>>> print(open('input32.pdb').read())   # PDB, C-alpha atoms, pLDDT in the B column
ATOM      1  CA  PRO R 452     -28.791 -28.884  12.915  1.00 58.00           C
ATOM      2  CA  PRO R 453     -29.212 -25.167  12.278  1.00 58.00           C
ATOM      3  CA  GLN R 454     -26.006 -23.256  11.676  1.00 56.00           C
ATOM      4  CA  ILE R 455     -24.920 -20.889  14.453  1.00 53.00           C
ATOM      5  CA  SER R 456     -24.568 -17.382  13.005  1.00 50.00           C
ATOM      6  CA  HIS R 457     -21.650 -16.250  15.172  1.00 52.00           C
ATOM      7  CA  GLN R 458     -18.266 -17.505  16.284  1.00 60.00           C
ATOM      8  CA  THR R 459     -18.425 -20.077  19.036  1.00 73.00           C
ATOM      9  CA  ILE R 460     -16.069 -22.094  21.183  1.00 81.00           C
ATOM     10  CA  GLN R 461     -15.655 -25.818  21.517  1.00 85.00           C
ATOM     11  CA  ARG R 462     -17.343 -26.925  24.727  1.00 88.00           C
ATOM     12  CA  GLU R 463     -14.941 -29.765  25.374  1.00 89.00           C
ATOM     13  CA  ARG R 464     -15.893 -30.359  29.007  1.00 90.00           C
ATOM     14  CA  GLU R 465     -19.594 -30.630  28.186  1.00 92.00           C
ATOM     15  CA  LEU R 466     -18.922 -32.736  25.077  1.00 91.00           C
ATOM     16  CA  HIS R 467     -16.790 -35.294  26.892  1.00 90.00           C
ATOM     17  CA  PRO R 468     -19.608 -37.095  28.783  1.00 88.00           C
ATOM     18  CA  LEU R 469     -21.725 -37.174  25.601  1.00 88.00           C
ATOM     19  CA  LEU R 470     -18.912 -38.569  23.469  1.00 86.00           C
ATOM     20  CA  SER R 471     -18.131 -41.184  26.115  1.00 83.00           C
ATOM     21  CA  THR R 472     -21.467 -42.855  25.279  1.00 78.00           C
ATOM     22  CA  LEU R 473     -20.554 -43.478  21.624  1.00 77.00           C
ATOM     23  CA  PRO R 474     -18.720 -46.826  22.043  1.00 71.00           C
ATOM     24  CA  SER R 475     -21.772 -48.443  23.638  1.00 64.00           C
ATOM     25  CA  ILE R 476     -24.688 -46.919  21.724  1.00 60.00           C
ATOM     26  CA  PHE R 477     -24.579 -49.307  18.793  1.00 58.00           C
ATOM     27  CA  SER R 478     -24.721 -52.631  20.609  1.00 58.00           C
ATOM     28  CA  ARG R 479     -28.367 -53.121  21.637  1.00 57.00           C
ATOM     29  CA  GLN R 480     -30.967 -50.376  21.903  1.00 61.00           C
ATOM     30  CA  PRO R 481     -30.540 -46.779  20.777  1.00 69.00           C
ATOM     31  CA  SER R 482     -29.102 -44.553  23.469  1.00 80.00           C
ATOM     32  CA  ILE R 483     -30.974 -41.477  24.635  1.00 86.00           C
ATOM     33  CA  VAL R 484     -28.883 -38.578  25.868  1.00 90.00           C
ATOM     34  CA  VAL R 485     -30.326 -35.310  27.156  1.00 92.00           C
ATOM     35  CA  VAL R 486     -28.938 -31.772  27.270  1.00 94.00           C
ATOM     36  CA  THR R 487     -30.843 -29.402  29.547  1.00 93.00           C
ATOM     37  CA  GLY R 488     -30.557 -25.699  30.205  1.00 93.00           C
ATOM     38  CA  PRO R 489     -32.394 -22.385  29.975  1.00 91.00           C
ATOM     39  CA  SER R 490     -32.804 -20.416  26.761  1.00 89.00           C
ATOM     40  CA  GLY R 491     -29.483 -19.078  25.477  1.00 88.00           C
ATOM     41  CA  SER R 492     -27.368 -21.607  27.373  1.00 91.00           C
ATOM     42  CA  GLY R 493     -25.995 -23.195  24.190  1.00 91.00           C
ATOM     43  CA  LYS R 494     -28.008 -26.424  23.929  1.00 93.00           C
ATOM     44  CA  THR R 495     -28.404 -26.308  20.142  1.00 91.00           C
ATOM     45  CA  GLU R 496     -24.744 -25.376  19.650  1.00 91.00           C
ATOM     46  CA  LEU R 497     -23.622 -28.288  21.861  1.00 93.00           C
ATOM     47  CA  ALA R 498     -25.904 -30.630  19.910  1.00 93.00           C
ATOM     48  CA  SER R 499     -24.336 -29.362  16.676  1.00 92.00           C
ATOM     49  CA  GLN R 500     -20.823 -29.946  18.014  1.00 92.00           C
ATOM     50  CA  PHE R 501     -21.835 -33.449  19.123  1.00 93.00           C
ATOM     51  CA  ALA R 502     -23.247 -34.136  15.644  1.00 92.00           C
ATOM     52  CA  HIS R 503     -19.957 -33.169  13.969  1.00 90.00           C
ATOM     53  CA  ASN R 504     -18.027 -35.421  16.359  1.00 90.00           C
ATOM     54  CA  PHE R 505     -20.538 -38.217  15.754  1.00 90.00           C
ATOM     55  CA  ILE R 506     -19.960 -37.997  12.001  1.00 89.00           C
ATOM     56  CA  ASP R 507     -16.177 -37.942  12.399  1.00 88.00           C
ATOM     57  CA  ARG R 508     -16.088 -40.936  14.742  1.00 85.00           C
ATOM     58  CA  CYS R 509     -18.680 -43.046  12.944  1.00 83.00           C
ATOM     59  CA  SER R 510     -17.570 -42.477   9.362  1.00 81.00           C
ATOM     60  CA  PRO R 511     -15.715 -45.440   7.834  1.00 72.00           C
ATOM     61  CA  ARG R 512     -11.973 -44.901   7.603  1.00 68.00           C
ATOM     62  CA  PHE R 513     -11.833 -46.531   4.201  1.00 60.00           C
ATOM     63  CA  GLN R 514     -14.756 -45.978   1.845  1.00 61.00           C
ATOM     64  CA  THR R 515     -16.006 -49.128   0.121  1.00 61.00           C
ATOM     65  CA  LYS R 516     -19.194 -50.090  -1.666  1.00 61.00           C
ATOM     66  CA  LYS R 517     -20.496 -51.678   1.543  1.00 61.00           C
ATOM     67  CA  SER R 518     -19.522 -48.860   3.913  1.00 63.00           C
ATOM     68  CA  LYS R 519     -22.295 -46.547   5.027  1.00 79.00           C
ATOM     69  CA  LYS R 520     -21.970 -42.917   5.998  1.00 85.00           C
ATOM     70  CA  PRO R 521     -23.617 -42.006   9.317  1.00 89.00           C
ATOM     71  CA  ILE R 522     -27.047 -40.387   9.209  1.00 90.00           C
ATOM     72  CA  VAL R 523     -27.777 -37.220  11.203  1.00 93.00           C
ATOM     73  CA  LEU R 524     -31.360 -35.921  11.393  1.00 94.00           C
ATOM     74  CA  TYR R 525     -32.779 -32.833  13.083  1.00 95.00           C
ATOM     75  CA  LEU R 526     -36.263 -32.356  14.548  1.00 96.00           C
ATOM     76  CA  ASP R 527     -37.472 -28.975  15.778  1.00 95.00           C
ATOM     77  CA  ALA R 528     -39.609 -29.753  18.827  1.00 94.00           C
ATOM     78  CA  ALA R 529     -40.051 -26.206  20.090  1.00 92.00           C
ATOM     79  CA  SER R 530     -43.761 -26.347  19.235  1.00 91.00           C
ATOM     80  CA  TYR R 531     -46.329 -28.775  17.879  1.00 88.00           C
ATOM     81  CA  THR R 532     -46.315 -26.936  14.557  1.00 89.00           C
ATOM     82  CA  SER R 533     -42.518 -27.005  14.120  1.00 92.00           C
ATOM     83  CA  LEU R 534     -42.450 -30.689  15.077  1.00 92.00           C
ATOM     84  CA  SER R 535     -45.160 -31.456  12.519  1.00 89.00           C
ATOM     85  CA  PHE R 536     -43.337 -29.741   9.659  1.00 90.00           C
ATOM     86  CA  SER R 537     -39.833 -30.963  10.515  1.00 93.00           C
ATOM     87  CA  SER R 538     -40.990 -34.581  10.958  1.00 92.00           C
ATOM     88  CA  SER R 539     -42.756 -34.535   7.580  1.00 90.00           C
ATOM     89  CA  PHE R 540     -39.633 -33.113   5.931  1.00 92.00           C
ATOM     90  CA  LEU R 541     -37.482 -35.863   7.458  1.00 93.00           C
ATOM     91  CA  ALA R 542     -39.949 -38.552   6.416  1.00 92.00           C
ATOM     92  CA  PHE R 543     -39.726 -37.460   2.785  1.00 91.00           C
ATOM     93  CA  SER R 544     -35.920 -37.145   2.972  1.00 91.00           C
ATOM     94  CA  LEU R 545     -35.763 -40.765   4.158  1.00 90.00           C
ATOM     95  CA  GLY R 546     -37.821 -41.904   1.173  1.00 90.00           C
ATOM     96  CA  ILE R 547     -41.106 -42.411   3.005  1.00 89.00           C
ATOM     97  CA  LYS R 548     -43.889 -41.868   0.477  1.00 86.00           C
ATOM     98  CA  SER R 549     -46.807 -39.536   1.067  1.00 81.00           C
ATOM     99  CA  ALA R 550     -49.113 -42.499   0.500  1.00 77.00           C
ATOM    100  CA  GLU R 551     -47.673 -44.141   3.634  1.00 81.00           C
ATOM    101  CA  LEU R 552     -48.254 -40.965   5.630  1.00 76.00           C
ATOM    102  CA  ASN R 553     -51.780 -40.605   4.281  1.00 72.00           C
ATOM    103  CA  LYS R 554     -52.699 -44.041   5.631  1.00 64.00           C
ATOM    104  CA  GLN R 555     -52.637 -42.618   9.149  1.00 59.00           C
ATOM    105  CA  LYS R 556     -55.671 -40.660  10.270  1.00 57.00           C
ATOM    106  CA  THR R 557     -54.563 -37.284  11.605  1.00 56.00           C
ATOM    107  CA  THR R 558     -55.170 -36.488  15.260  1.00 58.00           C
ATOM    108  CA  GLU R 559     -53.617 -33.013  15.156  1.00 52.00           C
ATOM    109  CA  PRO R 560     -55.235 -30.399  17.383  1.00 54.00           C
ATOM    110  CA  LEU R 561     -57.579 -28.139  15.403  1.00 45.00           C
ATOM    111  CA  ASP R 562     -55.838 -24.959  16.567  1.00 45.00           C
ATOM    112  CA  VAL R 563     -52.384 -26.080  15.348  1.00 49.00           C
ATOM    113  CA  LYS R 564     -51.040 -25.466  11.857  1.00 56.00           C
ATOM    114  CA  SER R 565     -49.713 -28.757  10.538  1.00 62.00           C
ATOM    115  CA  THR R 566     -48.885 -30.587   7.346  1.00 66.00           C
ATOM    116  CA  GLY R 567     -52.070 -32.635   7.361  1.00 73.00           C
ATOM    117  CA  TYR R 568     -50.156 -35.782   8.299  1.00 80.00           C
ATOM    118  CA  ASP R 569     -50.384 -37.282  11.759  1.00 84.00           C
ATOM    119  CA  THR R 570     -47.218 -36.201  13.569  1.00 88.00           C
ATOM    120  CA  ARG R 571     -47.062 -39.135  15.977  1.00 88.00           C
ATOM    121  CA  SER R 572     -47.441 -41.662  13.151  1.00 87.00           C
ATOM    122  CA  THR R 573     -44.878 -39.780  11.060  1.00 90.00           C
ATOM    123  CA  LEU R 574     -42.338 -39.948  13.890  1.00 92.00           C
ATOM    124  CA  GLU R 575     -42.993 -43.673  14.325  1.00 89.00           C
ATOM    125  CA  LEU R 576     -42.451 -44.230  10.583  1.00 90.00           C
ATOM    126  CA  ILE R 577     -39.184 -42.271  10.739  1.00 92.00           C
ATOM    127  CA  PHE R 578     -37.777 -44.413  13.538  1.00 90.00           C
ATOM    128  CA  ALA R 579     -39.067 -47.588  11.896  1.00 87.00           C
ATOM    129  CA  LYS R 580     -37.166 -46.572   8.763  1.00 89.00           C
ATOM    130  CA  LEU R 581     -34.030 -45.857  10.770  1.00 87.00           C
ATOM    131  CA  GLY R 582     -34.331 -49.295  12.354  1.00 82.00           C
ATOM    132  CA  THR R 583     -33.757 -50.851   8.933  1.00 83.00           C
ATOM    133  CA  GLN R 584     -30.635 -48.840   8.155  1.00 82.00           C
ATOM    134  CA  LYS R 585     -27.181 -50.390   8.215  1.00 81.00           C
ATOM    135  CA  ALA R 586     -25.617 -46.991   8.837  1.00 84.00           C
ATOM    136  CA  LYS R 587     -25.186 -45.550  12.309  1.00 86.00           C
ATOM    137  CA  TRP R 588     -27.606 -42.712  12.971  1.00 89.00           C
ATOM    138  CA  LEU R 589     -28.180 -39.742  15.226  1.00 92.00           C
ATOM    139  CA  VAL R 590     -31.480 -37.918  15.698  1.00 94.00           C
ATOM    140  CA  ILE R 591     -31.379 -34.526  17.390  1.00 95.00           C
ATOM    141  CA  VAL R 592     -34.743 -33.553  18.901  1.00 96.00           C
ATOM    142  CA  ASP R 593     -34.155 -29.909  19.681  1.00 95.00           C
ATOM    143  CA  GLY R 594     -36.052 -27.679  22.083  1.00 94.00           C
ATOM    144  CA  VAL R 595     -38.556 -30.132  23.565  1.00 94.00           C
ATOM    145  CA  THR R 596     -41.156 -28.170  25.533  1.00 91.00           C
ATOM    146  CA  GLN R 597     -44.072 -29.128  27.723  1.00 88.00           C
ATOM    147  CA  GLU R 598     -46.238 -28.805  24.598  1.00 89.00           C
ATOM    148  CA  THR R 599     -44.340 -31.532  22.722  1.00 92.00           C
ATOM    149  CA  GLN R 600     -42.951 -33.585  25.599  1.00 91.00           C
ATOM    150  CA  GLU R 601     -45.786 -36.114  25.884  1.00 89.00           C
ATOM    151  CA  MET R 602     -45.655 -37.043  22.195  1.00 90.00           C
ATOM    152  CA  ILE R 603     -41.855 -37.260  22.114  1.00 92.00           C
ATOM    153  CA  GLU R 604     -41.796 -39.444  25.226  1.00 90.00           C
ATOM    154  CA  SER R 605     -44.472 -41.851  24.040  1.00 87.00           C
ATOM    155  CA  VAL R 606     -42.830 -42.288  20.625  1.00 89.00           C
ATOM    156  CA  LEU R 607     -39.328 -42.774  22.057  1.00 88.00           C
ATOM    157  CA  GLY R 608     -40.628 -45.117  24.735  1.00 83.00           C
ATOM    158  CA  GLY R 609     -41.788 -47.439  21.963  1.00 78.00           C
ATOM    159  CA  VAL R 610     -38.595 -47.019  19.947  1.00 75.00           C
ATOM    160  CA  VAL R 611     -36.139 -48.031  22.648  1.00 70.00           C
ATOM    161  CA  SER R 612     -38.225 -51.047  23.648  1.00 67.00           C
ATOM    162  CA  GLU R 613     -37.785 -52.626  20.219  1.00 66.00           C
ATOM    163  CA  LEU R 614     -34.483 -54.422  19.849  1.00 48.00           C
ATOM    164  CA  LYS R 615     -34.505 -54.007  16.070  1.00 53.00           C
ATOM    165  CA  HIS R 616     -33.697 -50.326  16.481  1.00 51.00           C
ATOM    166  CA  ARG R 617     -29.930 -50.439  16.806  1.00 63.00           C
ATOM    167  CA  ARG R 618     -26.939 -48.398  15.719  1.00 73.00           C
ATOM    168  CA  GLY R 619     -28.607 -45.216  16.883  1.00 83.00           C
ATOM    169  CA  CYS R 620     -28.437 -42.326  19.285  1.00 87.00           C
ATOM    170  CA  ILE R 621     -31.179 -39.828  20.150  1.00 90.00           C
ATOM    171  CA  LEU R 622     -30.118 -36.492  21.610  1.00 94.00           C
ATOM    172  CA  LEU R 623     -32.822 -34.385  23.254  1.00 95.00           C
ATOM    173  CA  THR R 624     -32.382 -30.738  24.210  1.00 95.00           C
ATOM    174  CA  THR R 625     -34.881 -29.369  26.694  1.00 93.00           C
ATOM    175  CA  PRO R 626     -35.437 -26.531  29.166  1.00 88.00           C
ATOM    176  CA  SER R 627     -34.422 -27.495  32.677  1.00 72.00           C
ATOM    177  CA  GLU R 628     -38.025 -27.759  33.884  1.00 71.00           C
ATOM    178  CA  VAL R 629     -38.890 -30.709  31.615  1.00 74.00           C
ATOM    179  CA  VAL R 630     -39.071 -33.933  33.662  1.00 76.00           C
ATOM    180  CA  TRP R 631     -38.965 -37.311  31.891  1.00 80.00           C
ATOM    181  CA  SER R 632     -41.117 -40.125  33.218  1.00 79.00           C
ATOM    182  CA  LEU R 633     -41.412 -42.650  30.351  1.00 76.00           C
ATOM    183  CA  ILE R 634     -37.793 -42.768  29.161  1.00 81.00           C
ATOM    184  CA  SER R 635     -34.493 -43.300  30.937  1.00 80.00           C
ATOM    185  CA  PRO R 636     -31.660 -41.256  29.401  1.00 82.00           C
ATOM    186  CA  LYS R 637     -28.220 -42.853  29.410  1.00 79.00           C
ATOM    187  CA  ILE R 638     -26.726 -39.536  30.423  1.00 87.00           C
ATOM    188  CA  THR R 639     -27.946 -36.002  31.120  1.00 89.00           C
ATOM    189  CA  VAL R 640     -25.751 -32.924  30.692  1.00 92.00           C
ATOM    190  CA  SER R 641     -26.943 -29.710  32.334  1.00 92.00           C
ATOM    191  CA  LEU R 642     -25.914 -26.294  31.011  1.00 93.00           C
ATOM    192  CA  SER R 643     -27.771 -24.416  33.741  1.00 91.00           C
ATOM    193  CA  ASN R 644     -24.563 -23.095  35.294  1.00 91.00           C
ATOM    194  CA  GLY R 645     -23.433 -21.471  32.062  1.00 92.00           C
ATOM    195  CA  LEU R 646     -19.952 -21.509  30.574  1.00 93.00           C
ATOM    196  CA  TYR R 647     -16.820 -22.204  32.544  1.00 92.00           C
ATOM    197  CA  HIS R 648     -15.088 -18.926  33.405  1.00 93.00           C
ATOM    198  CA  ASP R 649     -12.215 -19.396  30.958  1.00 93.00           C
ATOM    199  CA  ASP R 650     -14.590 -20.443  28.180  1.00 93.00           C
ATOM    200  CA  ALA R 651     -16.684 -17.323  28.806  1.00 94.00           C
ATOM    201  CA  ILE R 652     -13.568 -15.157  28.474  1.00 94.00           C
ATOM    202  CA  ASN R 653     -12.599 -16.954  25.245  1.00 93.00           C
ATOM    203  CA  LEU R 654     -16.051 -16.380  23.726  1.00 93.00           C
ATOM    204  CA  TYR R 655     -16.175 -12.716  24.695  1.00 94.00           C
ATOM    205  CA  SER R 656     -12.609 -12.225  23.429  1.00 93.00           C
ATOM    206  CA  LYS R 657     -13.432 -13.810  20.044  1.00 91.00           C
ATOM    207  CA  LEU R 658     -16.463 -11.632  19.448  1.00 90.00           C
ATOM    208  CA  SER R 659     -15.279  -8.344  20.951  1.00 92.00           C
ATOM    209  CA  GLY R 660     -11.710  -8.389  19.665  1.00 91.00           C
ATOM    210  CA  ILE R 661     -10.357  -7.683  23.161  1.00 91.00           C
ATOM    211  CA  PRO R 662      -7.317  -9.866  23.977  1.00 92.00           C
ATOM    212  CA  HIS R 663      -7.928 -12.749  26.373  1.00 92.00           C
ATOM    213  CA  ASP R 664      -5.213 -11.611  28.814  1.00 92.00           C
ATOM    214  CA  ARG R 665      -6.694  -8.132  29.085  1.00 92.00           C
ATOM    215  CA  ILE R 666     -10.155  -9.493  29.888  1.00 92.00           C
ATOM    216  CA  SER R 667      -8.683 -11.795  32.554  1.00 90.00           C
ATOM    217  CA  LEU R 668      -7.140  -8.825  34.358  1.00 90.00           C
ATOM    218  CA  ASP R 669     -10.083  -6.449  33.892  1.00 91.00           C
ATOM    219  CA  ALA R 670     -12.373  -6.558  36.933  1.00 92.00           C
ATOM    220  CA  PRO R 671     -15.320  -4.721  35.293  1.00 91.00           C
ATOM    221  CA  LEU R 672     -15.292  -7.110  32.323  1.00 91.00           C
ATOM    222  CA  ASN R 673     -15.184 -10.110  34.656  1.00 92.00           C
ATOM    223  CA  ASN R 674     -18.085  -8.627  36.592  1.00 93.00           C
ATOM    224  CA  LEU R 675     -19.948  -8.258  33.277  1.00 92.00           C
ATOM    225  CA  LEU R 676     -19.520 -11.964  32.484  1.00 94.00           C
ATOM    226  CA  ASN R 677     -20.674 -12.849  35.979  1.00 93.00           C
ATOM    227  CA  SER R 678     -23.740 -10.583  35.702  1.00 94.00           C
ATOM    228  CA  LEU R 679     -24.648 -12.405  32.474  1.00 94.00           C
ATOM    229  CA  ASN R 680     -24.564 -15.708  34.388  1.00 93.00           C
ATOM    230  CA  TYR R 681     -21.883 -16.980  31.997  1.00 94.00           C
ATOM    231  CA  SER R 682     -24.663 -17.672  29.483  1.00 93.00           C
ATOM    232  CA  PRO R 683     -23.341 -17.979  25.887  1.00 92.00           C
ATOM    233  CA  LEU R 684     -26.048 -15.983  24.099  1.00 90.00           C
ATOM    234  CA  PRO R 685     -25.895 -12.835  26.291  1.00 92.00           C
ATOM    235  CA  ILE R 686     -22.082 -12.991  26.245  1.00 94.00           C
ATOM    236  CA  ALA R 687     -22.119 -13.261  22.438  1.00 91.00           C
ATOM    237  CA  LEU R 688     -24.436 -10.235  22.217  1.00 91.00           C
ATOM    238  CA  ALA R 689     -22.210  -8.309  24.630  1.00 93.00           C
ATOM    239  CA  GLY R 690     -19.165  -9.176  22.527  1.00 92.00           C
ATOM    240  CA  PHE R 691     -20.863  -8.004  19.334  1.00 90.00           C
ATOM    241  CA  THR R 692     -21.987  -4.788  21.014  1.00 92.00           C
ATOM    242  CA  THR R 693     -18.480  -4.065  22.300  1.00 91.00           C
ATOM    243  CA  LYS R 694     -16.982  -4.606  18.851  1.00 89.00           C
ATOM    244  CA  LEU R 695     -19.571  -2.334  17.197  1.00 89.00           C
ATOM    245  CA  TYR R 696     -19.005   0.308  19.882  1.00 85.00           C
ATOM    246  CA  LYS R 697     -15.238   0.226  19.282  1.00 81.00           C
ATOM    247  CA  HIS R 698     -15.756   0.424  15.513  1.00 75.00           C
ATOM    248  CA  PHE R 699     -18.130   3.388  15.873  1.00 78.00           C
ATOM    249  CA  TRP R 700     -15.679   5.420  17.947  1.00 74.00           C
ATOM    250  CA  GLN R 701     -12.742   4.538  15.720  1.00 71.00           C
ATOM    251  CA  THR R 702     -14.555   5.595  12.549  1.00 73.00           C
ATOM    252  CA  SER R 703     -16.191   8.684  14.047  1.00 65.00           C
ATOM    253  CA  GLY R 704     -12.956   9.865  15.651  1.00 55.00           C
TER     254      GLY R 704
END
>>> encode(input="input32.pdb", output="structure tokens")
Amino acid sequence: PPQISHQTIQRERELHPLLSTLPSIFSRQPSIVVVTGPSGSGKTELASQFAHNFIDRCSPRFQTKKSKKPIVLYLDAASYTSLSFSSSFLAFSLGIKSAELNKQKTTEPLDVKSTGYDTRSTLELIFAKLGTQKAKWLVIVDGVTQETQEMIESVLGGVVSELKHRRGCILLTTPSEVVWSLISPKITVSLSNGLYHDDAINLYSKLSGIPHDRISLDAPLNNLLNSLNYSPLPIALAGFTTKLYKHFWQTSG
């Protein structure tokens, strides 16, 4: 997953229901979990935190020749173009040859920049390859929109129906308005309500340099967090701005 460029907080309460699915995801079919929320609500960051926990919990305690490290893959599904390029990159990273991709006739829309490979077929080849792996795997499909939803749903609908695809978990992040009809997620976590109040204070404190206790007792600052709907991205920007403002006045004074 992409690295977050600023300090963040562990979203333990949102992570807990996702992590609770781990013991059961490797028994039969791959589990599908969904994180929903508006832009800036922290979906990608939560997916990244889940990925790190997935690696920690699924890595073998004692490394042997037969032990396999978990596989974590990231697909950018914000647009048809980004999905096309990220799926081709993953296919090559999994050892899928260009000759295999070239066998599939492309059906890409003419107005979309793509790699020249058929995106749907590439995704199917990726999951087919994962189905042969002995290692546990996680695929993060980030930022699914109405533009890419139909393709993602149809591909995943076929994946979960095949029993050979085991040991895996698929995490989808989507805006709240996306409605799934062809897949049944094991669990859905909504970030629409923003951060918990204490978490919002912790994030603002980290980025602004203002002590946590002072923020808790400061009515205007609490009103600021509330006006930002406890959304991580606006709070992070507010914290940065406050820190820069303090630095400016300290240096200019």
>>> residues_around(input="input32.pdb", residues="R:Cys509", least_positions_apart="2", cutoff="8 Å", atoms="all atoms listed in the file", output="PDB file with C-alpha atoms, in the coordinates of the input")
ATOM      1  CA  PHE R 505     -20.538 -38.217  15.754  1.00 90.00           C
ATOM      2  CA  ILE R 506     -19.960 -37.997  12.001  1.00 89.00           C
ATOM      3  CA  ASP R 507     -16.177 -37.942  12.399  1.00 88.00           C
ATOM      4  CA  PRO R 511     -15.715 -45.440   7.834  1.00 72.00           C
ATOM      5  CA  LYS R 520     -21.970 -42.917   5.998  1.00 85.00           C
ATOM      6  CA  PRO R 521     -23.617 -42.006   9.317  1.00 89.00           C
ATOM      7  CA  LYS R 587     -25.186 -45.550  12.309  1.00 86.00           C
TER       8      LYS R 587
END
>>> residues_around(input="input32.pdb", residues="stretch 624-634 of chain R", least_positions_apart="3", cutoff="6 Å", atoms="only C-alpha atoms", output="PyMOL selection string")
chain R and resi 485-489+593-595+608
>>> closest_residue(input="input32.pdb", among="R:Tyr525, R:Gly493, R:Gln597, R:Thr459", to="R:Lys657", atoms="all atoms listed in the file")
R:Thr459
>>> residues_around(input="input32.pdb", residues="R:Thr472", least_positions_apart="4", cutoff="10 Å", atoms="all atoms listed in the file", output="MDAnalysis selection string")
chainID R and resid 467:468 476:477 482:484 620 637:638
>>> residues_around(input="input32.pdb", residues="R:Phe540", least_positions_apart="3", cutoff="12 Å", atoms="only C-alpha atoms", output="PyMOL selection string")
chain R and resi 524-527+533-537+543-549+552+565-566+568+570+573-574+577
>>> resolve_selection(input="input32.pdb", expression="the PyMOL selection byres ((chain R and resi 588) around 7)", output="PyMOL selection string")
chain R and resi 521-523+586-587+589-590+618-620
>>> closest_residue(input="input32.pdb", among="R:Lys697, R:Ser492, R:Arg508, R:Leu654", to="R:Ser682", atoms="all atoms listed in the file")
R:Ser492
>>> atom_distance(input="input32.pdb", atom1="atom CA of R:Gly690", atom2="atom CA of R:Ser656")
7.3 Å
>>> residues_around(input="input32.pdb", residues="stretch 659-667 of chain R", least_positions_apart="5", cutoff="12 Å", atoms="only C-alpha atoms", output="VMD selection string")
chain R and resid 457 to 458 648 to 654 672 to 676 686 to 698
